[in-house]
file data_35.cif (mmCIF, C-alpha atoms; chains and numbers go by the auth columns)
data_entry
loop_
_atom_site.group_PDB
_atom_site.id
_atom_site.type_symbol
_atom_site.label_atom_id
_atom_site.label_comp_id
_atom_site.label_asym_id
_atom_site.label_seq_id
_atom_site.Cartn_x
_atom_site.Cartn_y
_atom_site.Cartn_z
_atom_site.B_iso_or_equiv
_atom_site.auth_seq_id
_atom_site.auth_asym_id
ATOM 1 C CA MET A 1 39.508 353.860 82.758 0.00 1 M
ATOM 2 C CA ASN A 2 40.703 353.724 79.161 0.00 2 M
ATOM 3 C CA CYS A 3 39.923 351.040 76.557 0.00 3 M
ATOM 4 C CA LEU A 4 42.899 348.922 77.695 0.00 4 M
ATOM 5 C CA GLY A 5 41.560 348.752 81.242 0.00 5 M
ATOM 6 C CA TYR A 6 44.156 351.106 82.734 0.00 6 M
ATOM 7 C CA LYS A 7 43.046 353.769 85.190 0.00 7 M
ATOM 8 C CA GLN A 8 44.351 357.121 84.026 0.00 8 M
ATOM 9 C CA SER A 9 46.127 359.400 86.489 0.00 9 M
ATOM 10 C CA VAL A 10 44.090 362.161 88.064 0.00 10 M
ATOM 11 C CA GLU A 11 47.094 364.458 87.626 0.00 11 M
ATOM 12 C CA GLU A 12 48.974 364.043 84.346 0.00 12 M
ATOM 13 C CA GLY A 13 52.292 362.263 84.852 0.00 13 M
ATOM 14 C CA ARG A 14 51.763 361.183 88.472 0.00 14 M
ATOM 15 C CA LEU A 15 52.103 357.530 89.533 0.00 15 M
ATOM 16 C CA ASN A 16 48.814 356.285 90.931 0.00 16 M
ATOM 17 C CA ASN A 17 47.380 352.877 91.715 0.00 17 M
ATOM 18 C CA LYS A 18 46.580 350.847 88.552 0.00 18 M
ATOM 19 C CA ASP A 19 48.435 353.277 86.284 0.00 19 M
ATOM 20 C CA LYS A 20 49.699 352.166 82.907 0.00 20 M
ATOM 21 C CA VAL A 21 53.493 352.482 83.122 0.00 21 M
ATOM 22 C CA PHE A 22 56.491 352.042 80.864 0.00 22 M
ATOM 23 C CA ILE A 23 59.310 349.910 82.258 0.00 23 M
ATOM 24 C CA LYS A 24 62.795 350.291 80.801 0.00 24 M
ATOM 25 C CA ILE A 25 65.432 347.829 81.945 0.00 25 M
ATOM 26 C CA LYS A 26 68.973 348.621 80.895 0.00 26 M
ATOM 27 C CA GLY A 27 71.813 346.403 82.022 0.00 27 M
ATOM 28 C CA LEU A 28 75.485 345.792 81.485 0.00 28 M
ATOM 29 C CA TYR A 29 76.740 342.327 82.351 0.00 29 M
ATOM 30 C CA THR A 30 80.509 341.888 82.550 0.00 30 M
ATOM 31 C CA GLY A 31 81.482 338.264 82.759 0.00 31 M
ATOM 32 C CA THR A 32 84.636 336.250 82.491 0.00 32 M
ATOM 33 C CA MET A 33 85.334 333.205 80.385 0.00 33 M
ATOM 34 C CA ASP A 34 88.148 330.839 81.225 0.00 34 M
ATOM 35 C CA GLU A 35 89.979 329.249 78.313 0.00 35 M
ATOM 36 C CA GLU A 36 93.097 327.160 78.126 0.00 36 M
ATOM 37 C CA ALA A 37 95.757 328.175 75.626 0.00 37 M
ATOM 38 C CA SER A 38 99.309 327.276 74.796 0.00 38 M
ATOM 39 C CA CYS A 39 102.125 329.792 75.178 0.00 39 M
ATOM 40 C CA ASP A 40 105.684 328.691 74.295 0.00 40 M
ATOM 41 C CA GLY A 41 104.623 325.072 74.749 0.00 41 M
ATOM 42 C CA GLU A 42 103.185 325.763 78.216 0.00 42 M
ATOM 43 C CA GLU A 43 99.493 325.367 78.986 0.00 43 M
ATOM 44 C CA VAL A 44 98.161 328.619 80.456 0.00 44 M
ATOM 45 C CA GLU A 45 94.730 329.752 81.562 0.00 45 M
ATOM 46 C CA VAL A 46 93.387 332.779 79.708 0.00 46 M
ATOM 47 C CA ILE A 47 90.624 334.799 81.309 0.00 47 M
ATOM 48 C CA GLU A 48 88.641 336.923 78.866 0.00 48 M
ATOM 49 C CA SER A 49 86.183 339.608 79.843 0.00 49 M
ATOM 50 C CA GLN A 50 82.908 339.660 77.966 0.00 50 M
ATOM 51 C CA ASP A 51 80.442 342.540 78.113 0.00 51 M
ATOM 52 C CA ASP A 52 76.797 342.082 77.257 0.00 52 M
ATOM 53 C CA GLU A 53 74.503 345.109 77.174 0.00 53 M
ATOM 54 C CA VAL A 54 70.740 344.695 77.244 0.00 54 M
ATOM 55 C CA GLU A 55 67.984 347.288 76.931 0.00 55 M
ATOM 56 C CA VAL A 56 64.272 346.517 76.781 0.00 56 M
ATOM 57 C CA ILE A 57 61.055 348.468 77.241 0.00 57 M
ATOM 58 C CA ASN A 58 57.786 346.896 78.368 0.00 58 M
ATOM 59 C CA VAL A 59 54.332 348.228 79.233 0.00 59 M
ATOM 60 C CA GLY A 60 52.700 347.213 82.500 0.00 60 M
ATOM 61 C CA THR A 61 50.766 348.396 85.518 0.00 61 M
ATOM 62 C CA TYR A 62 51.774 350.043 88.785 0.00 62 M
ATOM 63 C CA SER A 63 50.002 349.393 92.083 0.00 63 M
ATOM 64 C CA VAL A 64 50.510 349.762 95.823 0.00 64 M
ATOM 65 C CA VAL A 65 49.371 347.006 98.201 0.00 65 M
ATOM 66 C CA ASN A 66 50.045 347.232 101.955 0.00 66 M
ATOM 67 C CA GLY A 67 52.735 349.863 101.419 0.00 67 M
ATOM 68 C CA LYS A 68 54.634 347.755 98.858 0.00 68 M
ATOM 69 C CA GLU A 69 54.881 348.871 95.226 0.00 69 M
ATOM 70 C CA TYR A 70 54.244 346.354 92.436 0.00 70 M
ATOM 71 C CA ILE A 71 55.040 346.763 88.757 0.00 71 M
ATOM 72 C CA ARG A 72 53.537 343.974 86.617 0.00 72 M
ATOM 73 C CA TYR A 73 54.380 343.297 82.971 0.00 73 M
ATOM 74 C CA GLU A 74 54.909 340.499 80.449 0.00 74 M
ATOM 75 C CA GLU A 75 58.172 339.637 78.712 0.00 75 M
ATOM 76 C CA VAL A 76 58.531 337.921 75.342 0.00 76 M
ATOM 77 C CA TYR A 77 61.725 335.951 74.682 0.00 77 M
ATOM 78 C CA ASP A 78 63.880 335.660 71.567 0.00 78 M
ATOM 79 C CA ASP A 79 61.291 336.710 68.965 0.00 79 M
ATOM 80 C CA SER A 80 59.080 333.809 69.978 0.00 80 M
ATOM 81 C CA GLN A 81 55.602 333.606 71.424 0.00 81 M
ATOM 82 C CA GLU A 82 56.998 332.344 74.728 0.00 82 M
ATOM 83 C CA ARG A 83 56.126 334.712 77.579 0.00 83 M
ATOM 84 C CA SER A 84 56.817 335.202 81.245 0.00 84 M
ATOM 85 C CA SER A 85 54.786 337.265 83.682 0.00 85 M
ATOM 86 C CA SER A 86 57.121 339.543 85.611 0.00 86 M
ATOM 87 C CA ILE A 87 56.688 341.514 88.815 0.00 87 M
ATOM 88 C CA ILE A 88 59.048 344.080 90.306 0.00 88 M
ATOM 89 C CA LYS A 89 58.282 344.573 93.996 0.00 89 M
ATOM 90 C CA ILE A 90 59.733 347.527 95.912 0.00 90 M
ATOM 91 C CA ASP A 91 59.583 347.014 99.668 0.00 91 M
ATOM 92 C CA GLY A 92 61.415 349.768 101.529 0.00 92 M
ATOM 93 C CA ASP A 93 65.102 349.415 100.659 0.00 93 M
ATOM 94 C CA SER A 94 64.817 346.097 98.820 0.00 94 M
ATOM 95 C CA VAL A 95 63.758 345.134 95.306 0.00 95 M
ATOM 96 C CA GLU A 96 62.483 341.750 94.189 0.00 96 M
ATOM 97 C CA VAL A 97 62.105 340.628 90.564 0.00 97 M
ATOM 98 C CA THR A 98 59.848 337.616 90.019 0.00 98 M
ATOM 99 C CA LYS A 99 59.354 335.887 86.659 0.00 99 M
ATOM 100 C CA LYS A 100 56.906 333.062 85.985 0.00 100 M
ATOM 101 C CA GLY A 101 56.509 331.292 82.671 0.00 101 M
ATOM 102 C CA VAL A 102 59.046 330.020 80.152 0.00 102 M
ATOM 103 C CA VAL A 103 61.679 331.518 82.497 0.00 103 M
ATOM 104 C CA SER A 104 60.968 331.434 86.238 0.00 104 M
ATOM 105 C CA THR A 105 62.937 332.962 89.109 0.00 105 M
ATOM 106 C CA LYS A 106 62.680 335.202 92.160 0.00 106 M
ATOM 107 C CA MET A 107 65.700 337.493 92.520 0.00 107 M
ATOM 108 C CA ARG A 108 65.930 339.592 95.684 0.00 108 M
ATOM 109 C CA PHE A 109 68.255 342.583 95.894 0.00 109 M
ATOM 110 C CA THR A 110 69.044 343.730 99.434 0.00 110 M
ATOM 111 C CA MET A 111 72.020 345.997 100.065 0.00 111 M
ATOM 112 C CA GLY A 112 75.070 344.147 101.397 0.00 112 M
ATOM 113 C CA SER A 113 73.563 340.671 101.328 0.00 113 M
ATOM 114 C CA LYS A 114 73.770 337.523 99.236 0.00 114 M
ATOM 115 C CA ASN A 115 70.449 336.013 98.249 0.00 115 M
ATOM 116 C CA MET A 116 70.160 332.530 96.753 0.00 116 M
ATOM 117 C CA THR A 117 67.518 331.523 94.220 0.00 117 M
ATOM 118 C CA TYR A 118 66.871 329.223 91.270 0.00 118 M
ATOM 119 C CA TYR A 119 66.661 330.257 87.638 0.00 119 M
ATOM 120 C CA GLN A 120 64.462 327.858 85.668 0.00 120 M
ATOM 121 C CA THR A 121 64.681 327.801 81.863 0.00 121 M
ATOM 122 C CA PRO A 122 63.579 325.363 79.163 0.00 122 M
ATOM 123 C CA TYR A 123 67.244 324.274 79.016 0.00 123 M
ATOM 124 C CA GLY A 124 67.506 323.414 82.704 0.00 124 M
ATOM 125 C CA ASN A 125 67.698 324.900 86.187 0.00 125 M
ATOM 126 C CA MET A 126 70.547 326.864 87.750 0.00 126 M
ATOM 127 C CA SER A 127 71.289 327.911 91.294 0.00 127 M
ATOM 128 C CA LEU A 128 71.892 331.685 91.403 0.00 128 M
ATOM 129 C CA GLY A 129 73.601 333.776 94.037 0.00 129 M
ATOM 130 C CA ILE A 130 72.859 337.513 93.918 0.00 130 M
ATOM 131 C CA ILE A 131 75.324 339.717 95.855 0.00 131 M
ATOM 132 C CA THR A 132 73.967 343.287 95.994 0.00 132 M
ATOM 133 C CA LYS A 133 76.792 345.828 96.097 0.00 133 M
ATOM 134 C CA SER A 134 74.763 348.993 95.518 0.00 134 M
ATOM 135 C CA LEU A 135 71.036 349.722 95.485 0.00 135 M
ATOM 136 C CA GLU A 136 69.538 353.180 94.998 0.00 136 M
ATOM 137 C CA ILE A 137 65.891 354.063 94.519 0.00 137 M
ATOM 138 C CA GLU A 138 65.078 357.586 93.321 0.00 138 M
ATOM 139 C CA ARG A 139 61.612 359.045 92.879 0.00 139 M
ATOM 140 C CA THR A 140 60.122 361.989 91.082 0.00 140 M
ATOM 141 C CA GLU A 141 56.474 362.805 90.581 0.00 141 M
ATOM 142 C CA ASP A 142 56.058 360.473 87.579 0.00 142 M
ATOM 143 C CA THR A 143 59.120 358.193 87.713 0.00 143 M
ATOM 144 C CA ILE A 144 60.814 355.598 89.895 0.00 144 M
ATOM 145 C CA SER A 145 64.459 354.891 89.020 0.00 145 M
ATOM 146 C CA ILE A 146 66.231 351.872 90.488 0.00 146 M
ATOM 147 C CA TYR A 147 70.010 351.585 90.186 0.00 147 M
ATOM 148 C CA LEU A 148 71.546 348.190 90.980 0.00 148 M
ATOM 149 C CA VAL A 149 75.127 346.952 91.055 0.00 149 M
ATOM 150 C CA TYR A 150 75.441 343.278 91.890 0.00 150 M
ATOM 151 C CA GLY A 151 77.512 340.176 91.408 0.00 151 M
ATOM 152 C CA MET A 152 75.999 336.984 90.062 0.00 152 M
ATOM 153 C CA GLU A 153 77.091 333.450 90.872 0.00 153 M
ATOM 154 C CA VAL A 154 75.853 330.388 88.995 0.00 154 M
ATOM 155 C CA ASN A 155 76.136 327.068 90.790 0.00 155 M
ATOM 156 C CA CYS A 156 78.371 328.788 93.419 0.00 156 M
ATOM 157 C CA GLU A 157 80.882 330.178 90.868 0.00 157 M
ATOM 158 C CA HIS A 158 81.225 333.860 89.988 0.00 158 M
ATOM 159 C CA LEU A 159 79.673 334.482 86.565 0.00 159 M
ATOM 160 C CA SER A 160 79.421 338.244 86.136 0.00 160 M
ATOM 161 C CA ASP A 161 79.281 341.709 87.599 0.00 161 M
ATOM 162 C CA CYS A 162 76.120 343.548 86.666 0.00 162 M
ATOM 163 C CA ASP A 163 74.954 347.168 86.496 0.00 163 M
ATOM 164 C CA MET A 164 71.243 347.597 85.978 0.00 164 M
ATOM 165 C CA GLN A 165 68.950 350.593 85.746 0.00 165 M
ATOM 166 C CA ILE A 166 65.192 350.116 85.915 0.00 166 M
ATOM 167 C CA THR A 167 63.000 353.095 85.041 0.00 167 M
ATOM 168 C CA ILE A 168 59.267 352.995 85.747 0.00 168 M
ATOM 169 C CA THR A 169 57.299 355.978 84.455 0.00 169 M
ATOM 170 C CA THR A 170 53.957 357.133 83.115 0.00 170 M
ATOM 171 C CA ARG A 171 55.784 358.819 80.208 0.00 171 M
ATOM 172 C CA GLU A 172 56.356 356.864 77.002 0.00 172 M
ATOM 173 C CA LEU A 173 59.980 355.709 76.734 0.00 173 M
ATOM 174 C CA ARG A 174 62.296 354.888 73.846 0.00 174 M
ATOM 175 C CA ILE A 175 65.493 352.850 73.635 0.00 175 M
ATOM 176 C CA ASP A 176 68.633 354.958 74.348 0.00 176 M
ATOM 177 C CA GLU A 177 66.591 357.730 75.924 0.00 177 M
#
call {"tool": "encode", "arguments": {"input": "data_35.cif", "output": "structure tokens"}}
result
Amino acid sequence: MNCLGYKQSVEEGRLNNKDKVFIKIKGLYTGTMDEEASCDGEEVEVIESQDDEVEVINVGTYSVVNGKEYIRYEEVYDDSQERSSSIIKIDGDSVEVTKKGVVSTKMRFTMGSKNMTYYQTPYGNMSLGIITKSLEIERTEDTISIYLVYGMEVNCEHLSDCDMQITITTRELRIDE
């Protein structure tokens, strides 16, 4: 065990229970925004597409309990001291992301299904619908890669289409790697 309390891998680069891991989450969120505009004196609805790309790297721990894989880490929001404890759980062909703290939610991704949840923030609560369109989990000796394509509804209205890649590895990661 090293000074941070992480058990080091017996074999370099291999995921083992209680390993220190790097978690990179890279996502592209394509949403639409409805606006009303005037065209030749007629009121028309304009739908604009907005893309938002996010990429973050966190350090956490990897463990296996009863055949389910857990990746635990903390997230800090908007350059503040506010934190949320986050857990990614891989259970067969499904992935669950749980956040507890300043932001709280439990999002479940299961191929071909719509899962409902709540997203709690300091600004209020929202009902979320997660429609998983594609879910792939790939593994190498030292890395788990999760590829997700899903639709997101807020309060029963389509908000965005999302592509997300989650990389969990014992190797140190950098942004845009």
call {"tool": "residues_around", "arguments": {"input": "data_35.cif", "residues": "M:Glu74", "least_positions_apart": "6", "cutoff": "10 Å", "atoms": "all atoms listed in the file", "output": "list in words"}}
result
Asn58, Val59, Gly60, Arg83, Ser84, Ser85, Ser86, Ile87, Lys99, Lys100 and Gly101 of chain M
call {"tool": "write_last_selection", "arguments": {"input": "data_35.cif", "atoms": "C-alpha atoms", "output": "PDB file, in the frame of the given file"}}
result
ATOM      1  CA  ASN M  58      57.786 346.896  78.368  1.00  0.00           C
ATOM      2  CA  VAL M  59      54.332 348.228  79.233  1.00  0.00           C
ATOM      3  CA  GLY M  60      52.700 347.213  82.500  1.00  0.00           C
ATOM      4  CA  ARG M  83      56.126 334.712  77.579  1.00  0.00           C
ATOM      5  CA  SER M  84      56.817 335.202  81.245  1.00  0.00           C
ATOM      6  CA  SER M  85      54.786 337.265  83.682  1.00  0.00           C
ATOM      7  CA  SER M  86      57.121 339.543  85.611  1.00  0.00           C
ATOM      8  CA  ILE M  87      56.688 341.514  88.815  1.00  0.00           C
ATOM      9  CA  LYS M  99      59.354 335.887  86.659  1.00  0.00           C
ATOM     10  CA  LYS M 100      56.906 333.062  85.985  1.00  0.00           C
ATOM     11  CA  GLY M 101      56.509 331.292  82.671  1.00  0.00           C
TER      12      GLY M 101
END
call {"tool": "closest_residue", "arguments": {"input": "data_35.cif", "among": "M:Asn125, M:Thr30, M:Thr143, M:Asn115", "to": "M:Asp163", "atoms": "all atoms listed in the file"}}
result
M:Thr30
call {"tool": "resolve_selection", "arguments": {"input": "data_35.cif", "expression": "the PyMOL selection byres ((chain M and resi 25) around 10)", "output": "list in words"}}
result
Phe22, Ile23, Lys24, Lys26, Gly27, Val54, Glu55, Val56, Ile57, Asn58, Ile146, Met164, Gln165, Ile166, Thr167, Ile168 and Ile175 of chain M
call {"tool": "write_last_selection", "arguments": {"input": "data_35.cif", "atoms": "C-alpha atoms", "output": "PDB file, in the coordinates of the input"}}
result
ATOM      1  CA  PHE M  22      56.491 352.042  80.864  1.00  0.00           C
ATOM      2  CA  ILE M  23      59.310 349.910  82.258  1.00  0.00           C
ATOM      3  CA  LYS M  24      62.795 350.291  80.801  1.00  0.00           C
ATOM      4  CA  LYS M  26      68.973 348.621  80.895  1.00  0.00           C
ATOM      5  CA  GLY M  27      71.813 346.403  82.022  1.00  0.00           C
ATOM      6  CA  VAL M  54      70.740 344.695  77.244  1.00  0.00           C
ATOM      7  CA  GLU M  55      67.984 347.288  76.931  1.00  0.00           C
ATOM      8  CA  VAL M  56      64.272 346.517  76.781  1.00  0.00           C
ATOM      9  CA  ILE M  57      61.055 348.468  77.241  1.00  0.00           C
ATOM     10  CA  ASN M  58      57.786 346.896  78.368  1.00  0.00           C
ATOM     11  CA  ILE M 146      66.231 351.872  90.488  1.00  0.00           C
ATOM     12  CA  MET M 164      71.243 347.597  85.978  1.00  0.00           C
ATOM     13  CA  GLN M 165      68.950 350.593  85.746  1.00  0.00           C
ATOM     14  CA  ILE M 166      65.192 350.116  85.915  1.00  0.00           C
ATOM     15  CA  THR M 167      63.000 353.095  85.041  1.00  0.00           C
ATOM     16  CA  ILE M 168      59.267 352.995  85.747  1.00  0.00           C
ATOM     17  CA  ILE M 175      65.493 352.850  73.635  1.00  0.00           C
TER      18      ILE M 175
END
call {"tool": "atom_distance", "arguments": {"input": "data_35.cif", "atom1": "atom CA of M:Val64", "atom2": "atom CA of M:Leu148"}}
result
21.6 Å
call {"tool": "residues_near_point", "arguments": {"input": "data_35.cif", "point": "(68.8, 327.5, 88.3)", "cutoff": "10 Å", "atoms": "all atoms listed in the file", "output": "PDB file with C-alpha atoms, in the frame of the given file"}}
result
ATOM      1  CA  SER M 104      60.968 331.434  86.238  1.00  0.00           C
ATOM      2  CA  THR M 105      62.937 332.962  89.109  1.00  0.00           C
ATOM      3  CA  MET M 116      70.160 332.530  96.753  1.00  0.00           C
ATOM      4  CA  THR M 117      67.518 331.523  94.220  1.00  0.00           C
ATOM      5  CA  TYR M 118      66.871 329.223  91.270  1.00  0.00           C
ATOM      6  CA  TYR M 119      66.661 330.257  87.638  1.00  0.00           C
ATOM      7  CA  GLN M 120      64.462 327.858  85.668  1.00  0.00           C
ATOM      8  CA  THR M 121      64.681 327.801  81.863  1.00  0.00           C
ATOM      9  CA  TYR M 123      67.244 324.274  79.016  1.00  0.00           C
ATOM     10  CA  GLY M 124      67.506 323.414  82.704  1.00  0.00           C
ATOM     11  CA  ASN M 125      67.698 324.900  86.187  1.00  0.00           C
ATOM     12  CA  MET M 126      70.547 326.864  87.750  1.00  0.00           C
ATOM     13  CA  SER M 127      71.289 327.911  91.294  1.00  0.00           C
ATOM     14  CA  LEU M 128      71.892 331.685  91.403  1.00  0.00           C
ATOM     15  CA  GLY M 129      73.601 333.776  94.037  1.00  0.00           C
ATOM     16  CA  VAL M 154      75.853 330.388  88.995  1.00  0.00           C
ATOM     17  CA  ASN M 155      76.136 327.068  90.790  1.00  0.00           C
TER      18      ASN M 155
END
call {"tool": "atom_distance", "arguments": {"input": "data_35.cif", "atom1": "atom CA of M:Val97", "atom2": "atom CA of M:Glu53"}}
result
18.8 Å
